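Q: Next comes model30.cif, mmCIF, C-alpha atoms and all ligand atoms:
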```cif
data_protein
#
loop_
_atom_site.label_atom_id
_atom_site.label_comp_id
_atom_site.auth_asym_id
_atom_site.auth_seq_id
_atom_site.Cartn_x
_atom_site.Cartn_y
_atom_site.Cartn_z
CA MET B 26 -70.88 62.76 -72.25
CA ILE B 27 -68.32 64.11 -69.84
CA GLN B 28 -67.75 62.47 -66.50
CA LYS B 29 -68.80 65.25 -64.15
CA ILE B 30 -67.49 63.95 -60.85
CA GLN B 31 -63.76 63.42 -60.56
CA HIS B 32 -63.68 61.97 -57.06
CA LEU B 33 -65.05 62.16 -53.54
CA LYS B 34 -62.56 63.45 -50.99
CA CYS B 35 -62.58 62.86 -47.23
CA VAL B 36 -62.63 66.18 -45.37
CA LEU B 37 -60.51 64.69 -42.57
CA CYS B 38 -57.78 62.53 -44.11
CA GLY B 39 -58.00 63.68 -47.73
CA ARG B 40 -58.36 60.14 -49.08
CA ARG B 41 -60.01 60.03 -52.50
CA PHE B 42 -62.73 57.68 -53.63
CA GLY B 43 -64.43 56.90 -56.90
CA GLN B 44 -68.14 57.60 -56.96
CA ASP B 45 -69.06 53.93 -56.84
CA GLU B 46 -66.60 53.01 -54.15
CA VAL B 47 -68.39 54.43 -51.16
CA MET B 48 -71.97 55.45 -50.36
CA TYR B 49 -71.60 57.80 -47.40
CA THR B 50 -68.53 58.65 -45.31
CA CYS B 51 -64.83 57.72 -45.32
CA PRO B 52 -64.41 54.16 -44.00
CA ASP B 53 -61.12 55.13 -42.31
CA CYS B 54 -62.46 58.19 -40.49
CA GLY B 55 -65.98 57.08 -39.58
CA PRO B 56 -69.18 59.16 -39.46
CA PHE B 57 -67.41 62.53 -39.24
CA GLY B 58 -65.24 61.76 -42.28
CA LEU B 59 -67.67 63.44 -44.66
CA LEU B 60 -66.86 63.40 -48.35
CA ASN B 61 -66.60 66.46 -50.58
CA VAL B 62 -67.64 66.05 -54.20
CA ILE B 63 -64.88 67.23 -56.52
CA TYR B 64 -65.76 67.81 -60.18
CA ASN B 65 -63.84 67.82 -63.42
CA TYR B 66 -63.96 71.59 -63.43
CA SER B 67 -62.04 72.19 -66.63
CA ASP B 68 -64.37 69.91 -68.60
CA ILE B 69 -67.48 71.49 -67.14
CA LYS B 70 -66.40 75.10 -67.46
CA LYS B 71 -67.15 75.82 -71.09
CA ASN B 72 -70.67 74.51 -71.27
CA PHE B 73 -71.55 75.92 -67.88
CA GLU B 74 -70.38 79.42 -68.71
CA LYS B 75 -72.35 79.34 -71.92
CA LYS B 76 -75.47 78.28 -70.08
CA LEU B 77 -75.13 81.05 -67.50
CA SER B 78 -74.75 83.66 -70.21
CA LYS B 79 -78.45 83.20 -71.04
CA PRO B 80 -81.37 83.75 -68.67
CA PRO B 81 -83.01 80.55 -67.45
CA ALA B 82 -85.75 79.06 -69.64
CA VAL B 83 -89.16 78.80 -67.99
CA ASN B 84 -88.76 75.13 -67.09
CA GLU B 85 -85.24 75.79 -65.86
CA ASN B 86 -86.03 78.39 -63.24
CA ASN B 87 -84.90 76.09 -60.45
CA ILE B 88 -81.78 74.37 -59.13
CA TRP B 89 -81.58 72.09 -62.18
CA ARG B 90 -80.24 75.06 -64.11
CA TYR B 91 -76.97 74.01 -62.47
CA ILE B 92 -77.19 70.34 -63.46
CA ASP B 93 -73.74 70.54 -65.09
CA ILE B 94 -72.26 70.85 -61.64
CA LEU B 95 -74.66 68.72 -59.63
CA PRO B 96 -74.06 65.04 -58.78
CA VAL B 97 -77.15 63.91 -60.67
CA ALA B 98 -77.23 62.52 -64.22
CA GLU B 99 -79.04 64.61 -66.86
CA ASP B 100 -81.66 61.93 -67.39
CA SER B 101 -82.32 60.91 -63.78
CA PRO B 102 -85.84 61.41 -62.46
CA ARG B 103 -86.14 64.73 -60.59
CA THR B 104 -88.87 66.50 -58.69
CA ASN B 105 -91.04 68.82 -60.76
CA LEU B 106 -91.54 71.12 -57.77
CA ARG B 107 -89.82 74.47 -58.19
CA VAL B 108 -86.87 74.15 -55.86
CA GLY B 109 -84.47 77.08 -55.61
CA MET B 110 -84.26 80.28 -57.68
CA THR B 111 -85.65 82.04 -54.65
CA PRO B 112 -85.79 85.86 -54.69
CA TYR B 113 -82.75 87.98 -53.94
CA TYR B 114 -84.22 91.24 -52.70
CA LYS B 115 -82.75 94.65 -52.10
CA PRO B 116 -85.13 95.72 -49.32
CA GLU B 117 -84.85 99.52 -49.30
CA ARG B 118 -86.91 100.18 -46.17
CA LEU B 119 -85.06 97.58 -44.14
CA ALA B 120 -81.74 98.95 -45.37
CA LYS B 121 -82.75 102.43 -44.29
CA PHE B 122 -84.01 101.27 -40.90
CA LEU B 123 -80.77 99.42 -40.22
CA GLY B 124 -78.64 102.20 -41.66
CA HIS B 125 -76.85 100.04 -44.20
CA GLU B 126 -77.34 100.71 -47.87
CA LYS B 127 -76.03 97.59 -49.55
CA LEU B 128 -78.18 94.99 -47.87
CA PHE B 129 -79.70 92.01 -49.67
CA VAL B 130 -82.13 89.34 -48.53
CA LYS B 131 -82.17 85.87 -50.06
CA ASP B 132 -85.62 84.54 -49.19
CA ASP B 133 -85.33 80.78 -49.06
CA GLY B 134 -88.61 80.49 -47.20
CA GLN B 135 -90.09 80.56 -50.71
CA ASN B 136 -89.04 77.04 -51.53
CA PRO B 137 -91.85 74.47 -52.12
CA THR B 138 -92.00 73.27 -48.51
CA ALA B 139 -90.96 76.69 -47.19
CA SER B 140 -87.35 76.12 -46.21
CA PHE B 141 -83.81 76.03 -47.58
CA LYS B 142 -83.76 72.25 -47.04
CA ASP B 143 -85.62 71.62 -50.30
CA ARG B 144 -82.38 72.28 -52.16
CA ALA B 145 -80.78 69.28 -50.47
CA SER B 146 -83.84 67.03 -50.50
CA ALA B 147 -84.31 67.48 -54.25
CA VAL B 148 -80.79 66.18 -54.87
CA GLY B 149 -81.08 63.46 -52.21
CA VAL B 150 -84.28 62.07 -53.69
CA ALA B 151 -82.91 62.18 -57.25
CA LYS B 152 -79.92 60.24 -55.93
CA ALA B 153 -82.20 57.68 -54.24
CA PHE B 154 -83.89 57.08 -57.62
CA GLU B 155 -80.53 56.68 -59.36
CA LEU B 156 -79.46 54.14 -56.77
CA LYS B 157 -82.83 52.39 -57.07
CA LYS B 158 -83.57 52.79 -53.38
CA GLU B 159 -87.20 52.38 -52.43
CA ILE B 160 -87.08 53.98 -49.01
CA ILE B 161 -85.32 57.09 -47.81
CA THR B 162 -84.87 58.28 -44.24
CA CYS B 163 -83.72 61.32 -42.33
CA ALA B 164 -83.54 62.84 -38.89
CA SER B 165 -84.44 66.44 -38.56
CA THR B 166 -85.38 69.27 -36.27
CA GLY B 167 -88.36 69.57 -38.65
CA ASN B 168 -87.49 71.29 -41.90
CA ALA B 169 -85.28 68.64 -43.50
CA ALA B 170 -88.04 66.20 -42.66
CA SER B 171 -90.95 68.17 -44.08
CA SER B 172 -88.85 68.95 -47.10
CA LEU B 173 -87.92 65.32 -47.71
CA ALA B 174 -91.55 64.30 -47.24
CA GLY B 175 -92.76 66.87 -49.76
CA ILE B 176 -90.21 66.02 -52.42
CA CYS B 177 -90.92 62.30 -51.89
CA ALA B 178 -94.65 62.97 -52.28
CA SER B 179 -93.99 64.66 -55.62
CA MET B 180 -92.16 61.58 -56.91
CA GLY B 181 -93.70 58.64 -55.08
CA LEU B 182 -90.83 57.58 -52.86
CA LYS B 183 -91.44 56.18 -49.39
CA SER B 184 -89.90 57.99 -46.41
CA TYR B 185 -89.27 57.24 -42.74
CA ILE B 186 -88.65 60.27 -40.64
CA PHE B 187 -87.30 60.90 -37.15
CA VAL B 188 -88.08 64.21 -35.44
CA PRO B 189 -87.89 65.32 -31.83
CA LYS B 190 -91.41 65.26 -30.41
CA THR B 191 -91.03 68.97 -29.59
CA ALA B 192 -90.84 69.99 -33.29
CA PRO B 193 -93.23 72.87 -34.14
CA ILE B 194 -96.70 71.65 -35.05
CA ALA B 195 -96.67 73.21 -38.54
CA LYS B 196 -93.67 71.11 -39.53
CA ILE B 197 -95.31 67.97 -38.18
CA ALA B 198 -98.52 68.84 -40.04
CA GLN B 199 -96.52 69.07 -43.27
CA LEU B 200 -94.94 65.67 -42.66
CA LEU B 201 -98.24 63.97 -42.06
CA LEU B 202 -100.02 65.64 -44.97
CA PHE B 203 -97.18 64.73 -47.32
CA GLY B 204 -97.72 61.13 -46.26
CA ALA B 205 -94.38 60.41 -44.57
CA ASN B 206 -93.99 57.68 -41.98
CA VAL B 207 -93.12 59.71 -38.90
CA PHE B 208 -91.43 58.74 -35.64
CA MET B 209 -91.76 61.38 -32.94
CA VAL B 210 -88.67 60.76 -30.84
CA ASP B 211 -88.93 61.37 -27.12
CA GLY B 212 -85.56 63.10 -27.07
CA ASN B 213 -83.69 65.93 -28.77
CA TYR B 214 -82.48 66.24 -32.37
CA ASP B 215 -79.07 64.76 -31.60
CA GLN B 216 -80.76 61.62 -30.28
CA ALA B 217 -83.16 61.48 -33.23
CA PHE B 218 -80.13 61.65 -35.53
CA ASP B 219 -78.36 58.73 -33.86
CA LEU B 220 -81.53 56.65 -33.96
CA CYS B 221 -82.05 57.38 -37.65
CA MET B 222 -78.48 56.30 -38.38
CA GLN B 223 -79.04 53.00 -36.62
CA ALA B 224 -82.34 52.37 -38.41
CA SER B 225 -80.90 53.23 -41.79
CA GLU B 226 -78.08 50.76 -41.27
CA GLU B 227 -80.35 48.06 -39.92
CA PHE B 228 -82.96 48.29 -42.68
CA GLY B 229 -80.86 49.49 -45.62
CA TRP B 230 -82.86 52.69 -46.11
CA TYR B 231 -81.17 55.42 -48.14
CA ASN B 232 -79.88 58.06 -45.75
CA ARG B 233 -80.66 61.70 -46.52
CA ASN B 234 -78.87 63.23 -43.54
CA THR B 235 -76.81 66.13 -44.83
CA GLY B 236 -74.10 65.69 -42.26
CA TYR B 237 -73.51 62.20 -43.62
CA ASN B 238 -74.58 61.80 -47.25
CA PRO B 239 -72.02 63.52 -49.54
CA TYR B 240 -74.54 64.64 -52.16
CA LEU B 241 -76.88 66.71 -50.01
CA LEU B 242 -74.39 69.52 -49.55
CA GLU B 243 -74.28 69.75 -53.33
CA GLY B 244 -77.96 70.70 -53.31
CA LYS B 245 -77.31 73.33 -50.67
CA LYS B 246 -74.54 74.93 -52.70
CA THR B 247 -77.05 76.06 -55.33
CA CYS B 248 -77.88 79.01 -53.07
CA ALA B 249 -74.37 80.37 -53.68
CA LEU B 250 -74.68 79.82 -57.44
CA GLU B 251 -77.92 81.80 -57.41
CA ILE B 252 -76.39 84.62 -55.38
CA TYR B 253 -73.61 84.73 -57.96
CA GLU B 254 -76.10 85.06 -60.81
CA GLN B 255 -78.61 87.29 -59.05
CA SER B 256 -76.00 89.77 -57.88
CA LYS B 257 -74.93 90.03 -61.53
CA GLY B 258 -71.29 89.60 -60.83
CA ASP B 259 -71.38 92.22 -58.07
CA MET B 260 -70.92 89.61 -55.40
CA PRO B 261 -71.65 90.44 -51.76
CA ASP B 262 -68.66 91.02 -49.49
CA TYR B 263 -70.38 89.24 -46.61
CA VAL B 264 -72.96 86.47 -46.49
CA PHE B 265 -74.74 85.88 -43.16
CA VAL B 266 -76.01 82.33 -42.53
CA SER B 267 -77.79 80.72 -39.56
CA VAL B 268 -75.87 77.67 -38.33
CA GLY B 269 -76.90 74.46 -36.57
CA ASP B 270 -75.19 71.37 -38.01
CA GLY B 271 -73.07 73.51 -40.32
CA CYS B 272 -74.37 71.95 -43.53
CA ILE B 273 -75.97 75.07 -45.00
CA ILE B 274 -72.95 77.28 -44.45
CA GLY B 275 -70.70 74.44 -45.65
CA GLY B 276 -72.90 74.05 -48.72
CA ILE B 277 -72.84 77.75 -49.50
CA TYR B 278 -69.08 77.74 -49.24
CA LYS B 279 -68.95 74.73 -51.57
CA GLY B 280 -70.91 76.75 -54.14
CA PHE B 281 -68.37 79.55 -53.97
CA TYR B 282 -65.52 77.02 -54.05
CA ASP B 283 -66.92 75.53 -57.26
CA LEU B 284 -67.32 79.00 -58.78
CA MET B 285 -63.67 79.72 -57.98
CA ASN B 286 -62.60 76.43 -59.54
CA LEU B 287 -64.60 77.25 -62.64
CA GLY B 288 -62.78 80.58 -62.83
CA LEU B 289 -66.04 82.54 -62.46
CA ILE B 290 -65.07 84.36 -59.26
CA GLU B 291 -61.73 85.19 -57.74
CA LYS B 292 -62.63 84.87 -54.12
CA ALA B 293 -65.55 83.91 -51.96
CA PRO B 294 -67.47 86.40 -49.81
CA LYS B 295 -66.68 86.31 -46.09
CA LEU B 296 -69.11 83.87 -44.52
CA ILE B 297 -70.54 84.88 -41.15
CA GLY B 298 -72.02 81.91 -39.31
CA VAL B 299 -74.65 82.98 -36.80
CA GLN B 300 -75.69 80.70 -33.95
CA ALA B 301 -78.06 81.04 -31.02
CA GLU B 302 -76.23 81.66 -27.76
CA GLY B 303 -77.77 78.54 -26.22
CA SER B 304 -76.62 76.34 -29.10
CA ASN B 305 -73.22 77.61 -30.14
CA PRO B 306 -70.51 74.93 -30.47
CA PHE B 307 -69.10 76.61 -33.61
CA VAL B 308 -68.84 79.98 -31.88
CA ARG B 309 -67.01 78.43 -28.94
CA ALA B 310 -64.49 76.76 -31.24
CA PHE B 311 -63.99 80.03 -33.14
CA ARG B 312 -63.36 81.92 -29.90
CA ASP B 313 -61.02 79.18 -28.72
CA ASN B 314 -58.29 80.37 -31.05
CA ARG B 315 -60.09 79.20 -34.14
CA SER B 316 -59.98 75.64 -32.95
CA ARG B 317 -60.86 72.87 -35.38
CA LYS B 318 -62.52 70.83 -32.67
CA LEU B 319 -66.07 71.28 -31.49
CA VAL B 320 -67.18 70.52 -27.96
CA ASP B 321 -70.66 69.00 -27.69
CA MET B 322 -73.29 70.72 -25.59
CA THR B 323 -76.95 70.44 -24.62
CA PRO B 324 -78.72 72.98 -26.82
CA GLN B 325 -81.45 75.37 -25.69
CA THR B 326 -82.91 78.04 -27.97
CA VAL B 327 -86.18 79.35 -29.38
CA ALA B 328 -84.74 78.78 -32.86
CA ASP B 329 -85.62 75.07 -33.08
CA SER B 330 -84.05 74.50 -36.51
CA ILE B 331 -80.60 75.37 -35.19
CA SER B 332 -80.96 73.73 -31.81
CA VAL B 333 -78.06 71.33 -32.36
CA GLY B 334 -75.61 70.25 -29.67
CA ILE B 335 -73.51 67.86 -31.76
CA PRO B 336 -72.99 69.47 -35.18
CA ARG B 337 -72.55 66.79 -37.84
CA ALA B 338 -70.85 68.89 -40.49
CA SER B 339 -68.33 70.35 -38.07
CA HIS B 340 -65.41 70.30 -40.49
CA GLN B 341 -67.28 71.78 -43.43
CA GLY B 342 -68.92 74.40 -41.23
CA LEU B 343 -65.64 75.53 -39.70
CA ASN B 344 -63.88 75.44 -43.04
CA ALA B 345 -66.52 77.70 -44.62
CA VAL B 346 -65.72 80.43 -42.12
CA TYR B 347 -61.97 79.90 -41.82
CA ALA B 348 -61.35 79.67 -45.56
CA THR B 349 -63.21 82.92 -46.23
CA GLU B 350 -61.78 84.76 -43.22
CA GLY B 351 -65.28 85.13 -41.87
CA GLU B 352 -66.50 84.75 -38.31
CA PHE B 353 -68.81 82.79 -36.09
CA ILE B 354 -70.95 84.96 -33.86
CA ASP B 355 -73.88 84.26 -31.58
CA VAL B 356 -77.05 86.11 -30.70
CA THR B 357 -79.49 85.82 -27.82
CA ASP B 358 -83.03 84.50 -28.22
CA ALA B 359 -84.23 88.08 -27.56
CA GLU B 360 -82.12 89.31 -30.49
CA ILE B 361 -83.56 86.54 -32.68
CA LEU B 362 -87.12 87.54 -31.78
CA GLU B 363 -86.32 91.20 -32.45
CA ALA B 364 -85.07 90.25 -35.94
CA LEU B 365 -88.16 88.10 -36.40
CA LYS B 366 -90.26 91.27 -35.95
CA THR B 367 -87.99 93.63 -37.89
CA LEU B 368 -87.80 91.65 -41.13
CA PRO B 369 -91.55 91.42 -41.87
CA ARG B 370 -92.18 94.97 -40.72
CA TYR B 371 -89.57 96.57 -42.95
CA ALA B 372 -89.23 94.10 -45.79
CA GLY B 373 -92.48 92.14 -45.99
CA VAL B 374 -90.53 88.91 -45.56
CA PHE B 375 -91.59 86.58 -42.75
CA GLY B 376 -89.01 84.16 -41.38
CA GLU B 377 -89.03 81.52 -38.66
CA PRO B 378 -86.70 82.03 -35.68
CA ALA B 379 -83.76 80.09 -37.17
CA GLY B 380 -84.56 81.67 -40.52
CA VAL B 381 -83.89 85.18 -39.22
CA THR B 382 -80.97 84.35 -36.92
CA SER B 383 -78.73 85.38 -39.81
CA LEU B 384 -80.34 88.82 -39.80
CA ALA B 385 -80.00 89.06 -36.02
CA GLY B 386 -76.29 88.43 -36.54
CA PHE B 387 -76.04 91.14 -39.16
CA ILE B 388 -77.85 93.62 -36.89
CA LYS B 389 -75.53 92.79 -34.01
CA MET B 390 -72.32 93.14 -36.02
CA LYS B 391 -73.60 96.37 -37.56
CA LYS B 392 -74.36 97.81 -34.11
CA GLU B 393 -70.89 96.88 -32.97
CA GLY B 394 -69.49 98.85 -35.89
CA ARG B 395 -67.88 95.77 -37.36
CA VAL B 396 -69.49 95.87 -40.81
CA PRO B 397 -67.71 98.36 -43.09
CA GLU B 398 -70.06 101.14 -44.28
CA ASN B 399 -69.78 100.25 -47.97
CA ALA B 400 -69.68 96.49 -47.66
CA SER B 401 -72.38 94.68 -49.54
CA CYS B 402 -74.09 92.17 -47.26
CA ALA B 403 -76.42 89.32 -48.10
CA VAL B 404 -78.57 87.72 -45.42
CA VAL B 405 -79.96 84.25 -46.13
CA ILE B 406 -83.43 83.70 -44.66
CA THR B 407 -83.57 79.92 -44.37
CA GLY B 408 -87.16 79.20 -43.35
CA ASN B 409 -90.64 80.73 -43.62
CA GLY B 410 -92.33 82.35 -40.62
CA LEU B 411 -95.45 80.21 -40.97
CA LYS B 412 -93.36 77.25 -39.84
CA ASP B 413 -93.55 78.38 -36.22
CA ILE B 414 -96.60 80.48 -35.61
CA SER B 415 -96.73 80.16 -31.84
CA THR B 416 -93.32 81.79 -31.45
CA ALA B 417 -94.22 84.49 -33.95
CA ILE B 418 -97.53 85.35 -32.32
CA SER B 419 -95.91 85.47 -28.89
CA CYS B 420 -93.81 88.47 -29.90
CA VAL B 421 -96.59 90.77 -31.03
CA LYS B 422 -99.46 92.60 -29.27
CA GLN B 423 -102.94 91.15 -29.67
CA ALA B 424 -105.26 93.01 -32.05
CA PRO B 425 -108.43 94.52 -30.50
CA VAL B 426 -111.68 92.58 -30.94
CA ILE B 427 -114.53 94.93 -31.93
CA GLU B 428 -118.29 94.89 -32.54
CA PRO B 429 -119.17 94.71 -36.26
CA THR B 430 -120.12 98.42 -36.40
CA LEU B 431 -118.51 101.58 -37.75
CA LYS B 432 -119.01 103.10 -34.32
CA ALA B 433 -116.74 100.47 -32.83
CA VAL B 434 -114.13 101.19 -35.51
CA LYS B 435 -114.27 104.90 -34.63
CA ALA B 436 -113.97 104.11 -30.95
CA ALA B 437 -110.98 101.93 -31.62
CA LEU B 438 -109.45 104.68 -33.80
CA LYS B 439 -110.23 107.18 -31.03
CA ILE B 440 -112.00 109.48 -33.52
C1 LIG Y 1 -81.60 73.47 -41.05
C2 LIG Y 1 -81.81 74.92 -40.84
C3 LIG Y 1 -80.77 75.79 -40.49
C4 LIG Y 1 -79.37 75.35 -40.18
O1 LIG Y 1 -78.74 74.55 -41.11
P1 LIG Y 1 -77.53 73.61 -40.67
O2 LIG Y 1 -77.14 72.93 -41.89
O3 LIG Y 1 -78.08 72.69 -39.62
O4 LIG Y 1 -76.47 74.48 -40.10
C5 LIG Y 1 -81.06 77.13 -40.39
N1 LIG Y 1 -82.31 77.60 -40.58
C6 LIG Y 1 -83.34 76.80 -40.90
C7 LIG Y 1 -84.68 77.40 -41.08
C8 LIG Y 1 -83.12 75.43 -41.05
O5 LIG Y 1 -84.16 74.64 -41.35
#
```
Show me the file's structure as structure tokens.
Ligand SMILES: *Cc1c(COP(=O)(O)O)cnc(C)c1O
A:
Amino acid sequence: MIQKIQHLKCVLCGRRFGQDEVMYTCPDCGPFGLLNVIYNYSDIKKNFEKKLSKPPAVNENNIWRYIDILPVAEDSPRTNLRVGMTPYYKPERLAKFLGHEKLFVKDDGQNPTASFKDRASAVGVAKAFELKKEIITCASTGNAASSLAGICASMGLKSYIFVPKTAPIAKIAQLLLFGANVFMVDGNYDQAFDLCMQASEEFGWYNRNTGYNPYLLEGKKTCALEIYEQSKGDMPDYVFVSVGDGCIIGGIYKGFYDLMNLGLIEKAPKLIGVQAEGSNPFVRAFRDNRSRKLVDMTPQTVADSISVGIPRASHQGLNAVYATEGEFIDVTDAEILEALKTLPRYAGVFGEPAGVTSLAGFIKMKKEGRVPENASCAVVITGNGLKDISTAISCVKQAPVIEPTLKAVKAALKI
């Protein structure tokens, strides 16, 4: 069998490590010295290309189709839930409404626990089994947590989870039903994250935080591999991604990076990172002469999943945009809510506020005339609308309540 992983490489100092040398981040650079997983691309290439030349078998219609280039051994225990291989739609009505023909929607709300995070959790939990860890932990605005809890439930692994007590009720319901041990932190996500880090160190729990554990980003990259396959080689010119910690956009870039290293694509699409105006450290750095340094802030936005003041994957997030000559842009909460209404109405796809922030960014750039007419654009919808019903219901008019008679229907129809 070929050795898939060549080394782990610190994103800050470039130091290389063997897989068994280090569990999380670079010991020289500390918690922000995240490690990138670098593969033996030339060894992997042949088999991988052959596999992609055939459509996925029924039991392979998930992220494990890409096992050749994932940091998990072939025979490691994995979740049997169908993670990944989410639809890549060409929504004609939405395209017409927005006046842009080549528009695609990647609906990641269709993952098992209804968010993009399942891609990372599936790999994280497989890794925990490989390392014979009995307990796994994470901090989360809600989705990483519910995702971890669901994947753990499918495999019988114990989880301890830290969420801000303000997380939407649907996400908390998922956690509890999946049987996770939940701490509702009386603080924001950034504080929940720090607490989780301390607990994981103190008790030796395996740490699933994406902006810390090198393998989680590898799960996230599968979205890019799917876009590559689903666009049938006609790759989008732009990919719009909602950004909080920067792990998703960093992961998607890693997918394109791997595809380039495997010689399957020549260049990556331009990545457009979209943040909420009230939670925009990446946008500020981008505007500050494409600075490589983020300035922390206190976040405030309706899009709870991207309400992050201290982004943990700052380097990978920035690199995704800089390396592809993309952009970071921000949108107001009003623009997010407008996108939240537009997507279901014209495409039949229902996203949570952070899930549609990407679309809000596309709409804004399009209005500003900054998306070339013929450019093909993919918008990643990262979370399902049922995750945050109270926000969704607050942006629509109430339906009329009527007597159970045809007369009442006629009256309501004004016939
Ligand atoms: C986590 C999440 C994001 C942002 O991902 P980051 O890695 O924090 O940038 C966006 N949308 C949804 C629905 C999420 O759950």
Q: Need to verify the contact set: region 28-40 of chain B, 7 Å, only C-alpha atoms, exclusion of same-chain residues closer than 2 positions in sequence. Can you return it as a ChimeraX atom specification?
A: /B:26,42-44,51,58-65,96,340
Q: Residues up to 9 Å from ligand LIG 1 (chain Y), counting only C-alpha atoms and all ligand atoms: could you list those as a ChimeraX atom specification?
A: /B:133-134,139-142,165-169,235-236,242,245,266-276,298,300,328-333,336-338,342,376-383,405-409,412
Q: In Å, with one decimal, what is the gap from CA of Asn87 (chain B) to CA of Glu74 (chain B)?
A: 17.0 Å
Q: What does the structure give for the distance between CA of Ile361 (chain B) and CA of Ser146 (chain B), in Å to one decimal?
A: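 According to the coordinates, CA of Ile361 (chain B) and CA of Ser146 (chain B) are separated by 26.4 Å.
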Q: Can you pull out the residues contacting region 70-73 of chain B? Cut-off 10 Å, using all atoms listed in the file, and skip same-chain residues under 2 positions away; I want them as number ranges by chain.
A: B: 65-68, 75-78, 90-94, 284, 286-289
Q: Nearest residue to Asp45 (chain B) out of B:Leu250, B:Val130, B:Leu156, B:Ala82, using all atoms listed in the file?
A: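 The closest residue to Asp45 (chain B) is B:Leu156.
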Q: Skipping near chain neighbours, those fewer than 6 positions away, what residues fall within 7 Å of Asn232 (chain B) using all atoms listed in the file, listed as a compact mmCIF listing (two decimals) with C-alpha atoms, in the frame of the given file?
A:
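The result, stored in part_7.txt:
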```
# COMPACT_ATOMS: atom_id res chain seq x y z
CA ILE B 161 -85.32 57.09 -47.81
CA THR B 162 -84.87 58.28 -44.24
CA CYS B 163 -83.72 61.32 -42.33
CA SER B 225 -80.90 53.23 -41.79
CA ASN B 238 -74.58 61.80 -47.25
```
Q: Calculate how many Å separate CA of Cys248 (chain B) from CA of Gly181 (chain B), rounding to one decimal.
A: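 For CA of Cys248 (chain B) relative to CA of Gly181 (chain B), the distance reads 25.9 Å.
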Q: Around (-67.6, 75.6, -50.5), as given in the file, which residues come within 9 Å? Count all atoms listed in the file and list them as a ChimeraX atom specification.
A: /B:246,249,274-284,293,341,344-345,348
Q: Go ahead and save the picked residues with C-alpha atoms, as a PDB file, in the frame of the given file.
A:
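Written out: again00.pdb:
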```
ATOM      1  CA  LYS B 246     -74.540  74.930 -52.700  1.00  0.00           C
ATOM      2  CA  ALA B 249     -74.370  80.370 -53.680  1.00  0.00           C
ATOM      3  CA  ILE B 274     -72.950  77.280 -44.450  1.00  0.00           C
ATOM      4  CA  GLY B 275     -70.700  74.440 -45.650  1.00  0.00           C
ATOM      5  CA  GLY B 276     -72.900  74.050 -48.720  1.00  0.00           C
ATOM      6  CA  ILE B 277     -72.840  77.750 -49.500  1.00  0.00           C
ATOM      7  CA  TYR B 278     -69.080  77.740 -49.240  1.00  0.00           C
ATOM      8  CA  LYS B 279     -68.950  74.730 -51.570  1.00  0.00           C
ATOM      9  CA  GLY B 280     -70.910  76.750 -54.140  1.00  0.00           C
ATOM     10  CA  PHE B 281     -68.370  79.550 -53.970  1.00  0.00           C
ATOM     11  CA  TYR B 282     -65.520  77.020 -54.050  1.00  0.00           C
ATOM     12  CA  ASP B 283     -66.920  75.530 -57.260  1.00  0.00           C
ATOM     13  CA  LEU B 284     -67.320  79.000 -58.780  1.00  0.00           C
ATOM     14  CA  ALA B 293     -65.550  83.910 -51.960  1.00  0.00           C
ATOM     15  CA  GLN B 341     -67.280  71.780 -43.430  1.00  0.00           C
ATOM     16  CA  ASN B 344     -63.880  75.440 -43.040  1.00  0.00           C
ATOM     17  CA  ALA B 345     -66.520  77.700 -44.620  1.00  0.00           C
ATOM     18  CA  ALA B 348     -61.350  79.670 -45.560  1.00  0.00           C
TER      19      ALA B 348
END
```
Q: So, with all atoms listed in the file as the atoms that count, which of B:Pro52, B:Gly244, B:Pro189, B:Gly229 lies closest to Val97 (chain B)?
A: B:Gly244
Q: For Pro193 (chain B), which of B:Thr323, B:Asn206, B:Thr111, B:Ser415 is the closest residue, counting all atoms listed in the file?
A: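 Of all the options, B:Ser415 lies closest to Pro193 (chain B).
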Q: Take region 317-323 of chain B, bring it up to N, CA and C atoms, and give me the output as a compact mmCIF listing (two decimals), in the coordinates of the input.
A:
```txt
# COMPACT_ATOMS: atom_id res chain seq x y z
N ARG B 317 -60.21 73.71 -34.37
CA ARG B 317 -60.86 72.87 -35.38
C ARG B 317 -61.69 71.77 -34.72
N LYS B 318 -61.79 71.87 -33.40
CA LYS B 318 -62.52 70.83 -32.67
C LYS B 318 -63.73 71.42 -31.95
N LEU B 319 -64.88 70.80 -32.17
CA LEU B 319 -66.07 71.28 -31.49
C LEU B 319 -66.29 70.51 -30.20
N VAL B 320 -66.83 71.19 -29.20
CA VAL B 320 -67.18 70.52 -27.96
C VAL B 320 -68.71 70.43 -27.90
N ASP B 321 -69.21 69.21 -27.71
CA ASP B 321 -70.66 69.00 -27.69
C ASP B 321 -71.31 69.74 -26.52
N MET B 322 -72.56 70.08 -26.67
CA MET B 322 -73.29 70.72 -25.59
C MET B 322 -74.77 70.33 -25.64
N THR B 323 -75.50 70.65 -24.58
CA THR B 323 -76.95 70.44 -24.62
C THR B 323 -77.59 71.75 -25.08
```
